[in-house]
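**Q** Input final.cif, format and content: mmCIF, C-alpha atoms.
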data_work
#
loop_
_atom_site.group_PDB
_atom_site.id
_atom_site.type_symbol
_atom_site.label_atom_id
_atom_site.label_comp_id
_atom_site.auth_asym_id
_atom_site.auth_seq_id
_atom_site.Cartn_x
_atom_site.Cartn_y
_atom_site.Cartn_z
ATOM 1 C CA MET D 1 -59.110 -92.580 -12.336
ATOM 2 C CA SER D 2 -57.600 -90.667 -9.395
ATOM 3 C CA GLN D 3 -57.545 -86.910 -8.956
ATOM 4 C CA ARG D 4 -53.805 -87.128 -8.323
ATOM 5 C CA SER D 5 -53.124 -88.676 -11.721
ATOM 6 C CA ASN D 6 -55.180 -85.921 -13.353
ATOM 7 C CA TYR D 7 -52.997 -83.307 -11.651
ATOM 8 C CA LEU D 8 -49.919 -85.078 -13.047
ATOM 9 C CA LEU D 9 -51.428 -85.137 -16.542
ATOM 10 C CA PHE D 10 -52.147 -81.426 -16.122
ATOM 11 C CA ALA D 11 -48.619 -80.585 -14.940
ATOM 12 C CA ILE D 12 -46.725 -82.468 -17.672
ATOM 13 C CA PRO D 13 -47.908 -80.420 -20.701
ATOM 14 C CA ALA D 14 -47.942 -77.154 -18.694
ATOM 15 C CA LEU D 15 -44.303 -77.565 -17.660
ATOM 16 C CA ILE D 16 -43.049 -78.967 -20.959
ATOM 17 C CA TRP D 17 -44.854 -76.531 -23.252
ATOM 18 C CA GLY D 18 -43.709 -73.701 -20.998
ATOM 19 C CA SER D 19 -40.141 -74.689 -21.887
ATOM 20 C CA THR D 20 -40.783 -75.107 -25.620
ATOM 21 C CA TRP D 21 -41.208 -71.337 -26.043
ATOM 22 C CA TYR D 22 -37.505 -71.078 -25.257
ATOM 23 C CA VAL D 23 -36.441 -74.182 -27.213
ATOM 24 C CA ILE D 24 -38.318 -73.164 -30.390
ATOM 25 C CA LYS D 25 -35.917 -70.208 -30.704
ATOM 26 C CA PHE D 26 -33.284 -72.689 -31.898
ATOM 27 C CA GLN D 27 -35.610 -73.823 -34.713
ATOM 28 C CA LEU D 28 -36.136 -70.398 -36.265
ATOM 29 C CA ASP D 29 -34.281 -68.736 -39.160
ATOM 30 C CA THR D 30 -32.364 -71.824 -40.286
ATOM 31 C CA VAL D 31 -35.067 -74.183 -41.597
ATOM 32 C CA GLU D 32 -38.443 -73.469 -43.217
ATOM 33 C CA PRO D 33 -41.088 -73.684 -40.422
ATOM 34 C CA LEU D 34 -43.222 -76.086 -42.463
ATOM 35 C CA MET D 35 -40.306 -78.494 -42.636
ATOM 36 C CA SER D 36 -39.456 -78.157 -38.927
ATOM 37 C CA VAL D 37 -43.067 -78.947 -38.006
ATOM 38 C CA SER D 38 -43.050 -81.888 -40.421
ATOM 39 C CA TYR D 39 -39.759 -83.293 -39.056
ATOM 40 C CA ARG D 40 -40.921 -82.949 -35.461
ATOM 41 C CA PHE D 41 -44.219 -84.780 -35.788
ATOM 42 C CA PHE D 42 -43.005 -87.344 -38.323
ATOM 43 C CA ALA D 43 -40.329 -88.448 -35.834
ATOM 44 C CA GLY D 44 -42.765 -88.268 -32.918
ATOM 45 C CA GLY D 45 -45.373 -90.300 -34.769
ATOM 46 C CA TRP D 46 -42.993 -93.101 -35.651
ATOM 47 C CA ILE D 47 -41.573 -93.288 -32.124
ATOM 48 C CA LEU D 48 -45.109 -93.685 -30.777
ATOM 49 C CA ILE D 49 -45.909 -96.284 -33.464
ATOM 50 C CA LEU D 50 -42.843 -98.261 -32.366
ATOM 51 C CA PHE D 51 -43.999 -98.009 -28.755
ATOM 52 C CA CYS D 52 -47.449 -99.300 -29.742
ATOM 53 C CA LEU D 53 -45.896 -102.246 -31.576
ATOM 54 C CA LEU D 54 -43.662 -103.144 -28.626
ATOM 55 C CA ALA D 55 -46.568 -102.782 -26.191
ATOM 56 C CA LYS D 56 -48.802 -104.764 -28.565
ATOM 57 C CA LYS D 57 -51.384 -102.013 -28.754
ATOM 58 C CA PRO D 58 -53.829 -102.467 -31.664
ATOM 59 C CA LEU D 59 -53.152 -100.240 -34.670
ATOM 60 C CA LYS D 60 -55.898 -101.428 -37.015
ATOM 61 C CA PHE D 61 -58.615 -98.845 -37.623
ATOM 62 C CA SER D 62 -61.445 -98.485 -40.111
ATOM 63 C CA LEU D 63 -61.365 -95.991 -42.983
ATOM 64 C CA GLU D 64 -63.768 -93.721 -41.090
ATOM 65 C CA GLN D 65 -61.523 -93.801 -38.034
ATOM 66 C CA HIS D 66 -58.469 -93.002 -40.154
ATOM 67 C CA LEU D 67 -60.276 -89.991 -41.600
ATOM 68 C CA ARG D 68 -61.040 -88.795 -38.078
ATOM 69 C CA LEU D 69 -57.416 -89.297 -37.054
ATOM 70 C CA MET D 70 -56.260 -87.447 -40.165
ATOM 71 C CA LEU D 71 -58.466 -84.498 -39.256
ATOM 72 C CA GLN D 72 -57.087 -84.522 -35.712
ATOM 73 C CA GLY D 73 -53.528 -84.644 -37.039
ATOM 74 C CA ILE D 74 -53.965 -81.827 -39.553
ATOM 75 C CA LEU D 75 -55.565 -79.524 -36.982
ATOM 76 C CA LEU D 76 -53.478 -80.339 -33.920
ATOM 77 C CA PHE D 77 -50.097 -81.468 -35.257
ATOM 78 C CA GLY D 78 -49.888 -79.451 -38.457
ATOM 79 C CA MET D 79 -51.813 -76.281 -39.232
ATOM 80 C CA ASN D 80 -51.842 -75.146 -35.601
ATOM 81 C CA TYR D 81 -48.036 -75.057 -35.340
ATOM 82 C CA TRP D 82 -47.445 -73.689 -38.830
ATOM 83 C CA LEU D 83 -49.757 -70.744 -38.077
ATOM 84 C CA VAL D 84 -47.965 -70.094 -34.765
ATOM 85 C CA TYR D 85 -44.582 -69.953 -36.487
ATOM 86 C CA MET D 86 -45.898 -67.530 -39.105
ATOM 87 C CA ALA D 87 -47.636 -65.364 -36.492
ATOM 88 C CA GLU D 88 -44.388 -64.921 -34.565
ATOM 89 C CA GLU D 89 -42.783 -63.486 -37.695
ATOM 90 C CA TYR D 90 -45.077 -60.452 -37.345
ATOM 91 C CA ILE D 91 -45.953 -60.070 -33.660
ATOM 92 C CA ALA D 92 -44.196 -60.622 -30.336
ATOM 93 C CA SER D 93 -44.261 -64.091 -28.823
ATOM 94 C CA GLY D 94 -45.839 -62.638 -25.679
ATOM 95 C CA LEU D 95 -48.853 -61.522 -27.672
ATOM 96 C CA VAL D 96 -49.139 -65.032 -29.096
ATOM 97 C CA ALA D 97 -49.076 -66.365 -25.523
ATOM 98 C CA VAL D 98 -51.927 -64.046 -24.595
ATOM 99 C CA GLY D 99 -53.822 -65.214 -27.670
ATOM 100 C CA PHE D 100 -53.416 -68.855 -26.724
ATOM 101 C CA SER D 101 -54.780 -68.209 -23.269
ATOM 102 C CA THR D 102 -58.139 -67.735 -25.041
ATOM 103 C CA LEU D 103 -58.033 -71.402 -26.102
ATOM 104 C CA ILE D 104 -60.163 -72.355 -23.134
ATOM 105 C CA PHE D 105 -63.007 -70.102 -24.325
ATOM 106 C CA PHE D 106 -62.937 -71.660 -27.785
ATOM 107 C CA ASN D 107 -62.847 -75.135 -26.232
ATOM 108 C CA ILE D 108 -65.888 -74.295 -24.117
ATOM 109 C CA PHE D 109 -67.763 -72.891 -27.131
ATOM 110 C CA PHE D 110 -66.871 -75.646 -29.600
ATOM 111 C CA GLY D 111 -67.403 -78.318 -26.928
ATOM 112 C CA ALA D 112 -70.951 -77.054 -26.433
ATOM 113 C CA LEU D 113 -71.527 -76.666 -30.191
ATOM 114 C CA PHE D 114 -70.164 -79.985 -31.436
ATOM 115 C CA MET D 115 -70.310 -82.285 -28.395
ATOM 116 C CA GLY D 116 -73.263 -80.949 -26.431
ATOM 117 C CA ASN D 117 -71.132 -80.173 -23.372
ATOM 118 C CA SER D 118 -72.613 -77.942 -20.717
ATOM 119 C CA ILE D 119 -71.043 -74.532 -20.111
ATOM 120 C CA LYS D 120 -70.072 -74.300 -16.444
ATOM 121 C CA LYS D 121 -70.076 -70.865 -14.812
ATOM 122 C CA ARG D 122 -67.106 -71.779 -12.599
ATOM 123 C CA VAL D 123 -64.937 -72.629 -15.621
ATOM 124 C CA LEU D 124 -65.906 -69.419 -17.427
ATOM 125 C CA ILE D 125 -65.058 -67.267 -14.409
ATOM 126 C CA GLY D 126 -61.764 -69.076 -13.909
ATOM 127 C CA ALA D 127 -60.946 -68.680 -17.590
ATOM 128 C CA ALA D 128 -61.655 -64.949 -17.385
ATOM 129 C CA PHE D 129 -59.194 -64.673 -14.472
ATOM 130 C CA GLY D 130 -56.637 -66.568 -16.557
ATOM 131 C CA LEU D 131 -57.061 -64.326 -19.599
ATOM 132 C CA ILE D 132 -56.830 -61.151 -17.515
ATOM 133 C CA GLY D 133 -53.759 -62.487 -15.718
ATOM 134 C CA THR D 134 -51.964 -63.367 -18.953
ATOM 135 C CA SER D 135 -52.852 -59.976 -20.440
ATOM 136 C CA ILE D 136 -51.409 -58.202 -17.396
ATOM 137 C CA ILE D 137 -48.169 -60.205 -17.652
ATOM 138 C CA PHE D 138 -47.699 -59.168 -21.273
ATOM 139 C CA TRP D 139 -49.213 -55.692 -20.934
ATOM 140 C CA PRO D 140 -46.084 -53.892 -22.277
ATOM 141 C CA GLU D 141 -46.238 -55.962 -25.484
ATOM 142 C CA LEU D 142 -49.995 -55.469 -25.763
ATOM 143 C CA ARG D 143 -49.557 -51.723 -25.337
ATOM 144 C CA ALA D 144 -46.834 -51.660 -28.004
ATOM 145 C CA PHE D 145 -48.917 -53.601 -30.529
ATOM 146 C CA SER D 146 -49.469 -51.867 -33.860
ATOM 147 C CA SER D 147 -51.562 -53.008 -36.805
ATOM 148 C CA GLU D 148 -48.881 -51.608 -39.103
ATOM 149 C CA ASN D 149 -45.920 -53.593 -40.434
ATOM 150 C CA GLY D 150 -47.870 -56.851 -40.605
ATOM 151 C CA GLY D 151 -49.302 -56.606 -37.091
ATOM 152 C CA PHE D 152 -52.868 -57.169 -38.256
ATOM 153 C CA LEU D 153 -51.767 -60.166 -40.344
ATOM 154 C CA GLY D 154 -49.925 -61.596 -37.338
ATOM 155 C CA LEU D 155 -52.987 -61.128 -35.149
ATOM 156 C CA THR D 156 -55.164 -62.871 -37.751
ATOM 157 C CA LEU D 157 -52.728 -65.785 -37.984
ATOM 158 C CA MET D 158 -52.630 -66.064 -34.190
ATOM 159 C CA ILE D 159 -56.422 -66.148 -33.822
ATOM 160 C CA THR D 160 -56.705 -68.673 -36.653
ATOM 161 C CA SER D 161 -54.088 -70.821 -34.937
ATOM 162 C CA VAL D 162 -56.013 -70.789 -31.640
ATOM 163 C CA ILE D 163 -59.243 -71.737 -33.417
ATOM 164 C CA THR D 164 -57.429 -74.529 -35.264
ATOM 165 C CA ALA D 165 -55.903 -75.860 -32.030
ATOM 166 C CA SER D 166 -59.290 -75.765 -30.312
ATOM 167 C CA LEU D 167 -60.957 -77.671 -33.142
ATOM 168 C CA GLY D 168 -58.129 -80.199 -32.847
ATOM 169 C CA ASN D 169 -58.849 -80.527 -29.113
ATOM 170 C CA ILE D 170 -62.544 -81.108 -29.790
ATOM 171 C CA THR D 171 -61.743 -83.649 -32.517
ATOM 172 C CA SER D 172 -59.497 -85.522 -30.071
ATOM 173 C CA ALA D 173 -62.201 -85.454 -27.390
ATOM 174 C CA TYR D 174 -64.765 -86.758 -29.879
ATOM 175 C CA ASN D 175 -62.384 -89.514 -31.014
ATOM 176 C CA SER D 176 -61.937 -90.519 -27.371
ATOM 177 C CA ARG D 177 -65.719 -90.586 -26.974
ATOM 178 C CA LEU D 178 -65.757 -93.044 -29.904
ATOM 179 C CA ARG D 179 -63.270 -95.161 -27.910
ATOM 180 C CA ILE D 180 -60.310 -94.572 -30.207
ATOM 181 C CA PRO D 181 -57.290 -95.068 -27.865
ATOM 182 C CA VAL D 182 -55.409 -91.838 -27.107
ATOM 183 C CA ILE D 183 -51.853 -93.118 -27.681
ATOM 184 C CA GLN D 184 -52.649 -94.736 -31.033
ATOM 185 C CA ALA D 185 -54.683 -91.699 -32.088
ATOM 186 C CA THR D 186 -51.777 -89.428 -31.190
ATOM 187 C CA ALA D 187 -49.263 -91.575 -33.078
ATOM 188 C CA ILE D 188 -51.268 -91.848 -36.291
ATOM 189 C CA GLY D 189 -52.465 -88.241 -36.034
ATOM 190 C CA MET D 190 -48.873 -87.009 -35.813
ATOM 191 C CA LEU D 191 -47.934 -88.949 -38.940
ATOM 192 C CA TYR D 192 -50.893 -87.560 -40.877
ATOM 193 C CA GLY D 193 -50.155 -84.028 -39.695
ATOM 194 C CA SER D 194 -46.481 -84.247 -40.628
ATOM 195 C CA LEU D 195 -47.202 -85.687 -44.085
ATOM 196 C CA VAL D 196 -49.781 -83.008 -44.874
ATOM 197 C CA MET D 197 -47.331 -80.272 -43.803
ATOM 198 C CA PHE D 198 -44.657 -81.833 -46.017
ATOM 199 C CA ALA D 199 -47.115 -81.931 -48.938
ATOM 200 C CA ILE D 200 -47.983 -78.253 -48.410
ATOM 201 C CA ALA D 201 -44.274 -77.411 -48.366
ATOM 202 C CA MET D 202 -43.831 -79.195 -51.701
ATOM 203 C CA ILE D 203 -46.842 -77.433 -53.248
ATOM 204 C CA LEU D 204 -45.539 -74.043 -52.100
ATOM 205 C CA GLY D 205 -42.058 -74.839 -53.396
ATOM 206 C CA LYS D 206 -40.363 -74.622 -49.990
ATOM 207 C CA PRO D 207 -36.796 -75.958 -49.781
ATOM 208 C CA ILE D 208 -36.182 -79.329 -48.131
ATOM 209 C CA THR D 209 -33.314 -78.514 -45.776
ATOM 210 C CA ILE D 210 -32.157 -79.494 -42.321
ATOM 211 C CA ASP D 211 -29.739 -77.758 -39.990
ATOM 212 C CA THR D 212 -27.137 -80.200 -38.659
ATOM 213 C CA SER D 213 -25.986 -77.882 -35.869
ATOM 214 C CA THR D 214 -26.076 -79.132 -32.299
ATOM 215 C CA GLU D 215 -28.622 -76.433 -31.399
ATOM 216 C CA TYR D 216 -31.092 -77.391 -34.113
ATOM 217 C CA ILE D 217 -30.802 -81.175 -33.734
ATOM 218 C CA GLY D 218 -30.885 -80.921 -29.950
ATOM 219 C CA SER D 219 -33.976 -78.697 -30.007
ATOM 220 C CA LEU D 220 -35.641 -81.010 -32.541
ATOM 221 C CA ILE D 221 -35.036 -84.033 -30.289
ATOM 222 C CA TYR D 222 -36.378 -82.170 -27.248
ATOM 223 C CA LEU D 223 -39.455 -80.890 -29.089
ATOM 224 C CA THR D 224 -40.132 -84.348 -30.525
ATOM 225 C CA ILE D 225 -39.776 -86.423 -27.372
ATOM 226 C CA PHE D 226 -40.917 -83.989 -24.696
ATOM 227 C CA GLY D 227 -42.909 -81.292 -26.520
ATOM 228 C CA SER D 228 -44.726 -83.747 -28.800
ATOM 229 C CA ILE D 229 -44.798 -87.305 -27.442
ATOM 230 C CA LEU D 230 -44.934 -86.800 -23.670
ATOM 231 C CA ALA D 231 -46.831 -83.503 -23.553
ATOM 232 C CA PHE D 232 -49.472 -84.371 -26.130
ATOM 233 C CA SER D 233 -49.979 -87.886 -24.771
ATOM 234 C CA ALA D 234 -50.625 -86.443 -21.312
ATOM 235 C CA TYR D 235 -52.743 -83.536 -22.558
ATOM 236 C CA LEU D 236 -54.966 -85.586 -24.848
ATOM 237 C CA THR D 237 -55.415 -88.198 -22.119
ATOM 238 C CA LEU D 238 -56.481 -85.376 -19.815
ATOM 239 C CA ILE D 239 -58.991 -84.185 -22.428
ATOM 240 C CA SER D 240 -60.461 -87.682 -22.588
ATOM 241 C CA ARG D 241 -60.865 -87.665 -18.792
ATOM 242 C CA ILE D 242 -62.028 -84.185 -17.809
ATOM 243 C CA GLY D 243 -63.016 -82.606 -21.128
ATOM 244 C CA PRO D 244 -61.413 -79.996 -23.407
ATOM 245 C CA ASP D 245 -62.594 -76.993 -21.369
ATOM 246 C CA LYS D 246 -60.810 -77.829 -18.112
ATOM 247 C CA ALA D 247 -57.830 -79.484 -19.840
ATOM 248 C CA ALA D 248 -57.154 -76.205 -21.664
ATOM 249 C CA TYR D 249 -55.974 -74.717 -18.381
ATOM 250 C CA ALA D 250 -52.677 -76.477 -19.035
ATOM 251 C CA ILE D 251 -52.266 -74.007 -21.920
ATOM 252 C CA VAL D 252 -53.210 -71.049 -19.725
ATOM 253 C CA VAL D 253 -50.419 -71.937 -17.274
ATOM 254 C CA VAL D 254 -47.787 -72.208 -20.045
ATOM 255 C CA PRO D 255 -46.896 -68.458 -20.110
ATOM 256 C CA VAL D 256 -46.132 -68.558 -16.366
ATOM 257 C CA VAL D 257 -43.699 -71.449 -16.838
ATOM 258 C CA ALA D 258 -42.199 -69.677 -19.864
ATOM 259 C CA ILE D 259 -41.572 -66.561 -17.777
ATOM 260 C CA LEU D 260 -39.851 -68.546 -15.020
ATOM 261 C CA ILE D 261 -37.572 -70.195 -17.602
ATOM 262 C CA SER D 262 -36.890 -66.860 -19.302
ATOM 263 C CA THR D 263 -35.963 -65.372 -15.923
ATOM 264 C CA ALA D 264 -33.509 -68.216 -15.262
ATOM 265 C CA LEU D 265 -31.969 -68.520 -18.740
ATOM 266 C CA GLU D 266 -32.474 -65.226 -20.534
ATOM 267 C CA GLY D 267 -32.115 -62.633 -17.803
ATOM 268 C CA TYR D 268 -35.771 -61.592 -17.886
ATOM 269 C CA ARG D 269 -36.661 -59.308 -14.961
ATOM 270 C CA PRO D 270 -40.163 -59.829 -13.528
ATOM 271 C CA THR D 271 -42.185 -56.702 -12.771
ATOM 272 C CA LEU D 272 -45.199 -55.940 -10.620
ATOM 273 C CA TYR D 273 -47.315 -56.754 -13.694
ATOM 274 C CA THR D 274 -45.696 -60.197 -13.789
ATOM 275 C CA PHE D 275 -46.488 -61.083 -10.181
ATOM 276 C CA LEU D 276 -50.026 -59.681 -10.352
ATOM 277 C CA GLY D 277 -50.772 -61.548 -13.585
ATOM 278 C CA MET D 278 -49.355 -64.825 -12.286
ATOM 279 C CA SER D 279 -51.437 -64.497 -9.111
ATOM 280 C CA LEU D 280 -54.616 -64.094 -11.165
ATOM 281 C CA LEU D 281 -53.655 -67.052 -13.354
ATOM 282 C CA ILE D 282 -53.154 -69.301 -10.361
ATOM 283 C CA ALA D 283 -56.373 -68.082 -8.728
ATOM 284 C CA GLY D 284 -58.311 -68.762 -11.933
ATOM 285 C CA ASN D 285 -56.927 -72.294 -12.166
ATOM 286 C CA VAL D 286 -57.726 -73.127 -8.555
ATOM 287 C CA PHE D 287 -61.244 -71.711 -8.906
ATOM 288 C CA ALA D 288 -62.039 -73.610 -12.113
ATOM 289 C CA LEU D 289 -60.445 -76.942 -11.244
ATOM 290 C CA TYR D 290 -61.347 -77.201 -7.564
ATOM 291 C CA LYS D 291 -63.880 -79.917 -6.882
ATOM 292 C CA LYS D 292 -66.055 -79.492 -3.843
ATOM 293 C CA LYS D 293 -66.101 -82.675 -1.815
ATOM 294 C CA VAL D 294 -69.506 -84.182 -1.327
ATOM 295 C CA ALA D 295 -70.214 -84.967 2.307
ATOM 296 C CA GLN D 296 -70.785 -88.633 2.963
ATOM 297 C CA PRO D 297 -73.891 -89.545 4.948
ATOM 298 C CA SER D 298 -73.152 -90.732 8.457
ATOM 299 C CA ASN D 299 -74.262 -94.170 9.574
#
Just give me the structure of the file as structure tokens.
**A**
Amino acid sequence: MSQRSNYLLFAIPALIWGSTWYVIKFQLDTVEPLMSVSYRFFAGGWILILFCLLAKKPLKFSLEQHLRLMLQGILLFGMNYWLVYMAEEYIASGLVAVGFSTLIFFNIFFGALFMGNSIKKRVLIGAAFGLIGTSIIFWPELRAFSSENGGFLGLTLMITSVITASLGNITSAYNSRLRIPVIQATAIGMLYGSLVMFAIAMILGKPITIDTSTEYIGSLIYLTIFGSILAFSAYLTLISRIGPDKAAYAIVVVPVVAILISTALEGYRPTLYTFLGMSLLIAGNVFALYKKKVAQPSN
């Protein structure tokens, strides 16, 4: 397990999920969010299942393991995304980004509560830098926030989504501790998550529709292959290696990548707040993830 491969696993979800903020725009308004989430992870799950079959990876698990994978799927590949979609109907996406930068704190807390992980001062300080940096980047949206017109509901949905995602991270870490392989867990978890979202859509009477436009199908393919399969496989592997607290920094970096893409594709103009916030984010990451080399005794 090399440090270099960990950096790669860190960069993949940070870069990809930074781009999905832009791509998700093509999924809104045309198809019920529950159905879009279901389509995305149903396709992603089956593609990963096919990969496992071709690579001859074992797919037989006990009933208890399937229940654990179902829980992981519902939290991480279902409820989390549904809540995000609903939150963005009431509050600005930038505020949601700020909210998700708190994921690392929830991962630290739940990791200590459910897995007995130690709380490292360096990670907490780095996380604080990250949260402050993200808040500075989106300060205009934070300042404009109002609890009226559904703002409080949006904030509640956002916080619930972050908690749900964190519990999904901890469930994945615990499944890895039980030696359930990450790729198979991701594949089966995605299928469970997608099926539960579809069932909820049926119970709520949501229409089963799909947009056949190039924008929708293209964004669905991108979100499935890159945003789901590649990003989650890398991120959950990283969790299994370095723990959910440090792995969550991939989420903290996402707003920075999103801003760079928005600047290139949407004409966003960075401000002094942007550069200051990004500097704090980077500093927080370096501080939390830097490993001091242990001096080797001389012969």
**Q** Just so the selection is clear, what residues does the PyMOL selection byres ((chain D and resi 109) around 12) cover here, as a PDB file with C-alpha atoms, keeping the file's coordinate frame?
**A**
ATOM      1  CA  THR D 102     -58.139 -67.735 -25.041  1.00  0.00           C
ATOM      2  CA  LEU D 103     -58.033 -71.402 -26.102  1.00  0.00           C
ATOM      3  CA  ILE D 104     -60.163 -72.355 -23.134  1.00  0.00           C
ATOM      4  CA  PHE D 105     -63.007 -70.102 -24.325  1.00  0.00           C
ATOM      5  CA  PHE D 106     -62.937 -71.660 -27.785  1.00  0.00           C
ATOM      6  CA  ASN D 107     -62.847 -75.135 -26.232  1.00  0.00           C
ATOM      7  CA  ILE D 108     -65.888 -74.295 -24.117  1.00  0.00           C
ATOM      8  CA  PHE D 110     -66.871 -75.646 -29.600  1.00  0.00           C
ATOM      9  CA  GLY D 111     -67.403 -78.318 -26.928  1.00  0.00           C
ATOM     10  CA  ALA D 112     -70.951 -77.054 -26.433  1.00  0.00           C
ATOM     11  CA  LEU D 113     -71.527 -76.666 -30.191  1.00  0.00           C
ATOM     12  CA  PHE D 114     -70.164 -79.985 -31.436  1.00  0.00           C
ATOM     13  CA  MET D 115     -70.310 -82.285 -28.395  1.00  0.00           C
ATOM     14  CA  GLY D 116     -73.263 -80.949 -26.431  1.00  0.00           C
ATOM     15  CA  ASN D 117     -71.132 -80.173 -23.372  1.00  0.00           C
ATOM     16  CA  SER D 118     -72.613 -77.942 -20.717  1.00  0.00           C
ATOM     17  CA  ILE D 119     -71.043 -74.532 -20.111  1.00  0.00           C
ATOM     18  CA  LYS D 120     -70.072 -74.300 -16.444  1.00  0.00           C
ATOM     19  CA  VAL D 123     -64.937 -72.629 -15.621  1.00  0.00           C
ATOM     20  CA  LEU D 124     -65.906 -69.419 -17.427  1.00  0.00           C
ATOM     21  CA  ILE D 163     -59.243 -71.737 -33.417  1.00  0.00           C
ATOM     22  CA  SER D 166     -59.290 -75.765 -30.312  1.00  0.00           C
ATOM     23  CA  LEU D 167     -60.957 -77.671 -33.142  1.00  0.00           C
ATOM     24  CA  ASN D 169     -58.849 -80.527 -29.113  1.00  0.00           C
ATOM     25  CA  ILE D 170     -62.544 -81.108 -29.790  1.00  0.00           C
ATOM     26  CA  PRO D 244     -61.413 -79.996 -23.407  1.00  0.00           C
ATOM     27  CA  ASP D 245     -62.594 -76.993 -21.369  1.00  0.00           C
TER      28      ASP D 245
END
**Q** One number please: CA of Arg241 (chain D) to CA of Tyr174 (chain D), in Å, one decimal.
**A** 11.8 Å
**Q** Let me make sure I understand: among D:Ile16, D:Gly227, D:Tyr7, D:Leu238, which one has the smallest atom-to-atom distance to Val257 (chain D) if we use only C-alpha atoms?
**A**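 Closest to Val257 (chain D) of all the choices is D:Ile16.
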**Q** In Å, with one decimal, what is the gap from CA of Thr263 (chain D) to CA of Phe152 (chain D)?
**A** 29.2 Å
**Q** For region 214-224 of chain D, please output as number ranges by chain all residues within 12 Å (counting all atoms listed in the file; exclusion window: fewer than 2 positions along the same chain).
**A** D: 13, 16-31, 35-48, 77, 187, 190, 194, 209-212, 226-233
**Q** Just give me the gap between CA of Phe138 (chain D) and CA of Ile261 (chain D) in Å, one decimal is fine.
**A**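 So the answer is 15.4 Å.
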**Q** Which residue, D:Leu281, D:Leu9, D:Leu34, D:Val84, has the smallest gap to Ile208 (chain D) when you use only C-alpha atoms?
**A**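 Distance minimum relative to Ile208 (chain D) lands on D:Leu34.
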**Q** Output the residue selection produced by the PyMOL selection byres ((chain D and resi 180) around 12) on the file above, formatted as a ChimeraX atom specification.
**A** /D:57-62,64-66,68-69,72,171-179,181-189,236-237,240
**Q** Have a look at D:Gly267, D:Gly126, D:Gly99, D:Gly193 and name the one nearest to Ile159 (chain D); count all atoms listed in the file.
**A**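 Ranking D:Gly267, D:Gly126, D:Gly99, D:Gly193 by distance to Ile159 (chain D), first place goes to D:Gly99.
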**Q** Excluding same-chain residues fewer than 5 positions from Ser101 (chain D), what lies within 10 Å of it counting all atoms listed in the file, as a VMD selection string?
**A** chain D and resid 95 to 96 106 127 to 128 130 to 135 162 248 to 255
**Q** Going by the chain IDs and residue numbers used in this file, which residues fall under the PyMOL selection byres ((chain D and resi 278) around 8)? Write them as a VMD selection string.
**A** chain D and resid 133 to 134 137 256 274 to 277 279 to 282
**Q** For Gly284 (chain D), which residue out of D:Ile125, D:Leu53, D:Met197, D:Leu265 is the nearest one, using only C-alpha atoms?
**A**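 Looking only at the distances to Gly284 (chain D), the closest residue turns out to be D:Ile125.
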